[in-house]
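To keep things clear, I will list the structure first and then write my remarks on it.
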Amino acid sequence: MLSTQIFNKIEENAQDNYLIDFNLKKIDVGAFINQTTMKLSNKVITVFATGLFTLFLSCEAVSTVEPAQELSLGEGFENPIGFYDATPSFSWKLPQGIEKQTAYHLVAASSPELLSDSPDLWDTGKVSSSQSLYISYEGNPLSSRDKIYWKVRFWNAEDQPSAWSEAAHMELGLLQNSDWQAKWIGLDTRKDGIKGKSNTIIHTPQYLRKEFAVRNELVSAKLYVSAKGVFKGFINGKTISDDVMSPGWTPYQKRIESLTYDVTDLLQEGENAIGFQLASGWHFGRLLWNKMIWGQTGSPKILSQLEILYSDGSKQIINSDESWKGTTDGPIRFAEIYDGETYNANFKMPGWATPDFEANEWRKVQVAPLENDIAIRPKRHHSVREKTTLDTKDIITPKYGAGIIFNLQQNMVGVPRLRVPMKKGDTLKIRFSEMLDPDGKFYTDNYRSAKSTDYYIASKDGMIDWHPTFTFHGFQYVELSGFDTSQEPKKDWVTGIVQYSDFDKNGTFTSSHEKLNQLQSNINWGLRGNFFDIPTDCPQRDERLGWTGDAQVIAPTSLFNNDVHAFWASWLQSLRESQFENGGIPWVVPDVLENAKVSAGWGDASVTIPWDVYERTGDVAVLEENYQMMKNWVNYHQSQSENNISPMKDSFGDWLQPIQAKESNKRGDTSKRLIGTAFFAHSAHLTSKTAEVLGFKEEKEKYQNLYQTVANAFEKEFFDENGKIQNSKATQTGYLLALHFDLLSDTNKSKAEKHLLDKIEEADNHLRTGFLGTPLLPRVLDAMGETDLMYKILLKETYPSWFYSINQGATTMWERWNSYSKLEGYNPESMNSLNHYAYGAVGEWLYENIAGIKPLEPGYKKIEISPIPGGGLTSAEATYESPYGKIQSAWRIEGDTFYHDATVPPNTIALLSIPLDYEHNIIVNGRSIKDFNKGQVIENEDGTIFIEVPSGNYSLQSSLR
Ligand code: BGC
């Protein structure tokens, strides 16, 4: 088949000096013919070409089909080192213009040289499959430090092979504790620690160092490092990476992450030095209720193993051990996540991490072996890093307070960079705030006990250039006092360094509505501020914890906006490790509350997040990894329930529902029993679907039956025969749960829908939903065909609504619909975060419905692109970097005409819809839909028109009916 095609091409084109690509060489057939000075007929050329082809068959044919791109492993890692998984999965994207893949061939080798001719690790041969994502490794077993080089080619719809991709690579980290020769080392900082809030011990940050010699002919050097606490590493005075607050936050009693750095370029022949700054971080930090879960004994420690490879194959290993020395007399005098950092420049130790430094005063370190029950494992997502910076927009001299205020005009998370003039011996005091009221009052009540204050003590006159290392703040305003007042404050004194986990932006949404664009921006800033190694509730007060409910509601929106596949997969591992023996999931993960309490809608994160990640990435591994946790959680619901009603007494209900009865105590007016039972049914349902994907037929049935049984019990208990909530207060959220989780019989369903509409009308088209109800509102209204109503609710300007907070000046999502109002000032509650992402869950509706990009099959293998214009919007656009490539949906209305441009990535198909109002005169890519032959036109019973199309760019045009 292939040969026939090539011959035909040669026959067709030989007289035009056609270029044929064979085996990397371009052979100019025409020129060749001329050289031979023979006059060849086409027939002769065919014979010649046959010979040529036979000749090249023995070599490797290289195609004109462009190669696969963006090769990645696991949850989207490109050429990782220190990788965590010895049986990774392989993914690639097909180049634009390729409709689909029909087969692939992947080879993997232990060296680049072996890759093309004798891949010694894995050779799949040609596999007939359209799968271009998450191909499981089935090659030779791999172990710690192993390297793998790999490349892939694919066959297109015409069965033509692509060229081979460029080679990608991966190197494993240290996968087992037994790979570590290094020991935990550090100074005992407990005995001279400072007493903090509730008598907690605040450890003085320490500096650790070691000198060593490097021979010549060094080939490579890898540094494996972990810490109990947080570290910053240096070799010969240079930082080893820009990572922030490494190694990050996991359930430390079970697992601490390690990082791998290629430090070859930092080493030099002869004398070298390695050094670490080490502070408490989360491990020894005071967290929320000051229980100091991991920090009750001991002091921060570092674990460092530097492996140097020489050209003769020999290896030198520099381990953290008793030969290291340490001091607490460095310039970082104090560092605490909630309280801030103090830097005293008088304690500077120039060159402390270089071999020239005299460390005579430094003390011997304490040494401890690795514990058997704490796994040291490679970090499985990217560290927090500096992602962007914000300049000061204006300087305010307030009526109150001692300092000058720098306004970044954006609430953010990270640290300030300070380039400020100072006088020797003076102390610069740096305070933070998320908001300033019109009076100029600096608002810090909502930090609660978090002091969130940094200090810099100057050792000489002049400009300082400094930022804190081992703390982070949530702020828009920075107040400075103690600077050289003879100088006029300048905007460039303060820059905001924005820090969050190092993932890329994945999706965009814009529209003709300015406030909607501000909402999208607020949602994004909420995500940035709270994806600080783990998903947190808030980034500023004495909390910043992995509240499971908040994570559960924001997951779908986060997956659109950012590439957080690995981020979630990693936190889900912490969730599994934190699950109680009885199947309960703690309120927060990592569990620093240790109160054994469980909440419905919070613990259900263990089921809903794996499912959300699977739906949006298509990665079955996330279901495989978490299936047992899902089942345990459903069993927990069951164990708590009586007659299938799951009360979950320690639940947070529909947390922070606006306008609730006082006695509801922040938990909203919806019955906790109703919520618990609804989530019980829903989690059973998703577990059944997961069992189906994983091929567990019996369990699929079992959980499906359980879902039905619980749904029946739910309906009987909480709904009367008129579809009205009974036995408890009827609320928007009560109806939303019943409808979205499909818990009512058909007859009751339509009646309940009516009651929901009444409830919304009663509230003058405002929402009355808290954390749990809010994400369901748009989904339910869409399913009911009430998109116009959803637009009304979304575009409301009055309390409670999304725009209400924007009207009060919000640049992030707020914890409460009325955290601040221009009329009444700050909400009197101290639990009043101005950076809390939960209500940003509506973001899903912006891109799935306004712009219209939805996955119809996991990973967007099949996509629905069906925008629903409304709310007076004249245009909207979303782009999304799906696992298969970029999806785009951009629409605009001009006069009576609706224009819609859509991009469908390679190896997928999409259903493009025409909005109901605009079905007249449909034009696709410049021609009437009647002549459309690139896909199928489908007319639904409700009159909606779809076209099912393969990868490509489409322009649709329709006019008002
Ligand atoms: C957090 C919430 C969390 C809640 C539980 C709060 O302190 O900030 O977002 O879900 O507690 O009710």
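Starting from 1 in every chain, residues are counted up; chains themselves are A, B, ... following the order of the structure tokens, and ligands are numbered from 1 as listed.
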Inset, instruction - Produce as a list in words the set of residues near ligand 1, where near means within 6 Å with only C-alpha atoms and all ligand atoms considered. - result: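 I would give the residues around ligand 1 as Asp537, Trp547, Gly549, Asp550 and Phe652 of chain A.
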Resulting file, chosen residues, N, CA and C atoms, as an mmCIF file, in the first residue's frame:
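The result, written out as again_8.cif:
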```
data_model
loop_
_atom_site.group_PDB
_atom_site.id
_atom_site.type_symbol
_atom_site.label_atom_id
_atom_site.label_comp_id
_atom_site.auth_asym_id
_atom_site.auth_seq_id
_atom_site.Cartn_x
_atom_site.Cartn_y
_atom_site.Cartn_z
ATOM 1 N N ASP A 537 -6.892 26.675 51.552
ATOM 2 C CA ASP A 537 -8.117 27.477 51.645
ATOM 3 C C ASP A 537 -7.811 28.948 51.436
ATOM 4 N N TRP A 547 -7.726 22.329 53.058
ATOM 5 C CA TRP A 547 -9.128 22.013 53.347
ATOM 6 C C TRP A 547 -9.718 21.260 52.153
ATOM 7 N N GLY A 549 -12.773 20.327 51.334
ATOM 8 C CA GLY A 549 -14.002 20.794 50.690
ATOM 9 C C GLY A 549 -13.707 21.889 49.676
ATOM 10 N N ASP A 550 -12.845 22.812 50.041
ATOM 11 C CA ASP A 550 -12.499 23.906 49.138
ATOM 12 C C ASP A 550 -11.882 23.333 47.861
ATOM 13 N N PHE A 652 -19.565 20.524 57.681
ATOM 14 C CA PHE A 652 -19.619 21.987 57.587
ATOM 15 C C PHE A 652 -20.834 22.473 56.812
#
```
Inset, instruction - Write out as a VMD selection string the residues lying within 8 Å of Pro556 in chain A, counting only C-alpha atoms and excluding same-chain residues fewer than 6 positions away. - result: chain A and resid 612 to 613 841 844
Legend entry - range 610-678 of chain A: residues DSSP assigns to helix (DSSP H, G or I), reported as a PyMOL selection string: chain A and resi 610-617+620-640+662-664+672-678
Inset, instruction - Write out as a list of chain:residue names the residues lying within 6 Å of Thr812 in chain A, counting only C-alpha atoms and excluding same-chain residues fewer than 4 positions away. - result: A:Asn522, A:Trp525, A:Gly526, A:Asn835
Legend entry - Polymer residues at most 9 Å from Ser578 in chain A, only C-alpha atoms, same-chain spacing of 6 or more positions, as an NGL selection string: :A and (251 or 254 or 585-586 or 589-591)
Inset, instruction - Write out as a VMD selection string each polymer residue whose atoms come within 7 Å of range 776-788 of chain A, counting only C-alpha atoms; drop sequence neighbours fewer than 2 positions from it. - result: chain A and resid 736 739 to 740 773 to 774 790 to 792 845 870 to 871
Take the residues that were just selected and, keeping N, CA and C atoms, output them as a PDB file, in the first residue's frame.
```pdb
ATOM      1  N   LEU A 736     -30.542  21.766  44.540  1.00  0.00           N
ATOM      2  CA  LEU A 736     -29.418  21.578  43.607  1.00  0.00           C
ATOM      3  C   LEU A 736     -28.765  20.211  43.798  1.00  0.00           C
ATOM      4  N   LEU A 739     -30.998  17.463  42.395  1.00  0.00           N
ATOM      5  CA  LEU A 739     -31.095  17.459  40.936  1.00  0.00           C
ATOM      6  C   LEU A 739     -29.759  17.113  40.281  1.00  0.00           C
ATOM      7  N   HIS A 740     -28.691  17.722  40.750  1.00  0.00           N
ATOM      8  CA  HIS A 740     -27.418  17.470  40.076  1.00  0.00           C
ATOM      9  C   HIS A 740     -26.920  16.045  40.300  1.00  0.00           C
ATOM     10  N   GLY A 773     -23.168  24.345  47.418  1.00  0.00           N
ATOM     11  CA  GLY A 773     -24.228  24.566  46.436  1.00  0.00           C
ATOM     12  C   GLY A 773     -23.762  25.368  45.230  1.00  0.00           C
ATOM     13  N   THR A 774     -22.824  26.286  45.457  1.00  0.00           N
ATOM     14  CA  THR A 774     -22.462  27.225  44.383  1.00  0.00           C
ATOM     15  C   THR A 774     -22.013  26.550  43.081  1.00  0.00           C
ATOM     16  N   MET A 790     -29.327  31.673  34.578  1.00  0.00           N
ATOM     17  CA  MET A 790     -27.960  31.607  35.110  1.00  0.00           C
ATOM     18  C   MET A 790     -27.207  32.881  34.751  1.00  0.00           C
ATOM     19  N   TYR A 791     -27.415  33.345  33.535  1.00  0.00           N
ATOM     20  CA  TYR A 791     -26.783  34.623  33.157  1.00  0.00           C
ATOM     21  C   TYR A 791     -27.237  35.736  34.106  1.00  0.00           C
ATOM     22  N   LYS A 792     -28.555  35.740  34.403  1.00  0.00           N
ATOM     23  CA  LYS A 792     -29.076  36.796  35.289  1.00  0.00           C
ATOM     24  C   LYS A 792     -28.380  36.746  36.641  1.00  0.00           C
ATOM     25  N   TRP A 845     -18.268  27.321  34.425  1.00  0.00           N
ATOM     26  CA  TRP A 845     -19.391  27.697  33.558  1.00  0.00           C
ATOM     27  C   TRP A 845     -18.961  28.683  32.473  1.00  0.00           C
ATOM     28  N   GLY A 870     -25.644  34.848  25.659  1.00  0.00           N
ATOM     29  CA  GLY A 870     -26.715  35.355  26.509  1.00  0.00           C
ATOM     30  C   GLY A 870     -26.213  36.518  27.325  1.00  0.00           C
ATOM     31  N   GLY A 871     -27.078  37.008  28.209  1.00  0.00           N
ATOM     32  CA  GLY A 871     -26.685  38.060  29.144  1.00  0.00           C
ATOM     33  C   GLY A 871     -26.253  39.343  28.469  1.00  0.00           C
TER      34      GLY A 871
END
```
Non-local contacts of range 88-102 of chain A (7 Å; only C-alpha atoms; under 3 positions in same chain excluded) as a short mmCIF file (atom, residue, chain, number, x, y, z; two decimals) with C-alpha atoms, in the first residue's frame:
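Resulting contents of result_16.cif:
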```
data_model
loop_
_atom_site.label_atom_id
_atom_site.label_comp_id
_atom_site.auth_asym_id
_atom_site.auth_seq_id
_atom_site.Cartn_x
_atom_site.Cartn_y
_atom_site.Cartn_z
CA GLU A 66 5.60 15.75 10.51
CA PRO A 67 6.66 14.02 13.71
CA ALA A 68 4.83 13.90 17.04
CA GLN A 69 5.61 16.75 19.41
CA GLU A 70 5.61 17.66 23.09
CA LEU A 71 6.55 14.20 24.29
CA SER A 72 5.77 13.83 27.97
CA LEU A 73 5.66 11.32 30.78
CA GLY A 74 3.04 10.63 33.41
CA ASP A 85 7.70 6.61 38.61
CA SER A 128 -2.70 -0.24 15.83
CA SER A 129 -4.23 2.29 18.16
CA SER A 130 -5.48 5.85 18.20
CA SER A 132 -1.55 8.99 21.93
CA LEU A 133 -1.81 9.59 25.66
CA TYR A 134 -0.66 7.64 28.71
CA ILE A 135 0.75 4.53 27.04
CA SER A 136 1.91 2.39 29.98
CA TYR A 137 5.53 1.35 30.05
CA PHE A 154 2.65 7.45 14.39
CA TRP A 155 0.59 6.51 11.38
CA ASN A 156 -2.01 8.93 10.08
CA ALA A 157 -5.48 8.29 8.70
CA ASP A 159 -1.71 4.79 7.10
CA TYR A 884 -4.38 16.56 22.48
CA GLY A 885 -3.55 20.16 21.69
CA PRO A 906 -5.47 16.50 16.17
CA ASN A 907 -6.69 13.01 17.05
CA THR A 908 -10.01 14.24 18.43
CA PRO A 950 -12.54 15.94 12.86
CA SER A 951 -9.51 18.02 13.81
CA GLY A 952 -9.28 21.34 12.01
#
```
Inset, instruction - Give me the residues within 10 Å of range 604-611 of chain A as a PyMOL selection string, counting only C-alpha atoms and dropping any in the same chain fewer than 2 places off. - result: chain A and resi 547-556+568-569+572+575-576+579+584-585+598-602+613-627+629-634+637+676+679-680+682-687+689-690+858
Inset, instruction - Using DSSP on the backbone coordinates, identify all residues within range 34-219 of chain A classified as strand (DSSP E or B); present the result as a PyMOL selection string. - result: chain A and resi 65+69-73+77+81-83+89-93+103-109+122-123+127-128+135-136+147-155+161-162+168-172+184-186+194-195+201-202+206-214+218-219
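Residue nearest Thr874 in chain A within the list A:Gln131, A:Thr510, A:Gln638, A:Ser928: A:Thr510 [criterion: smallest interatomic distance, only C-alpha atoms].
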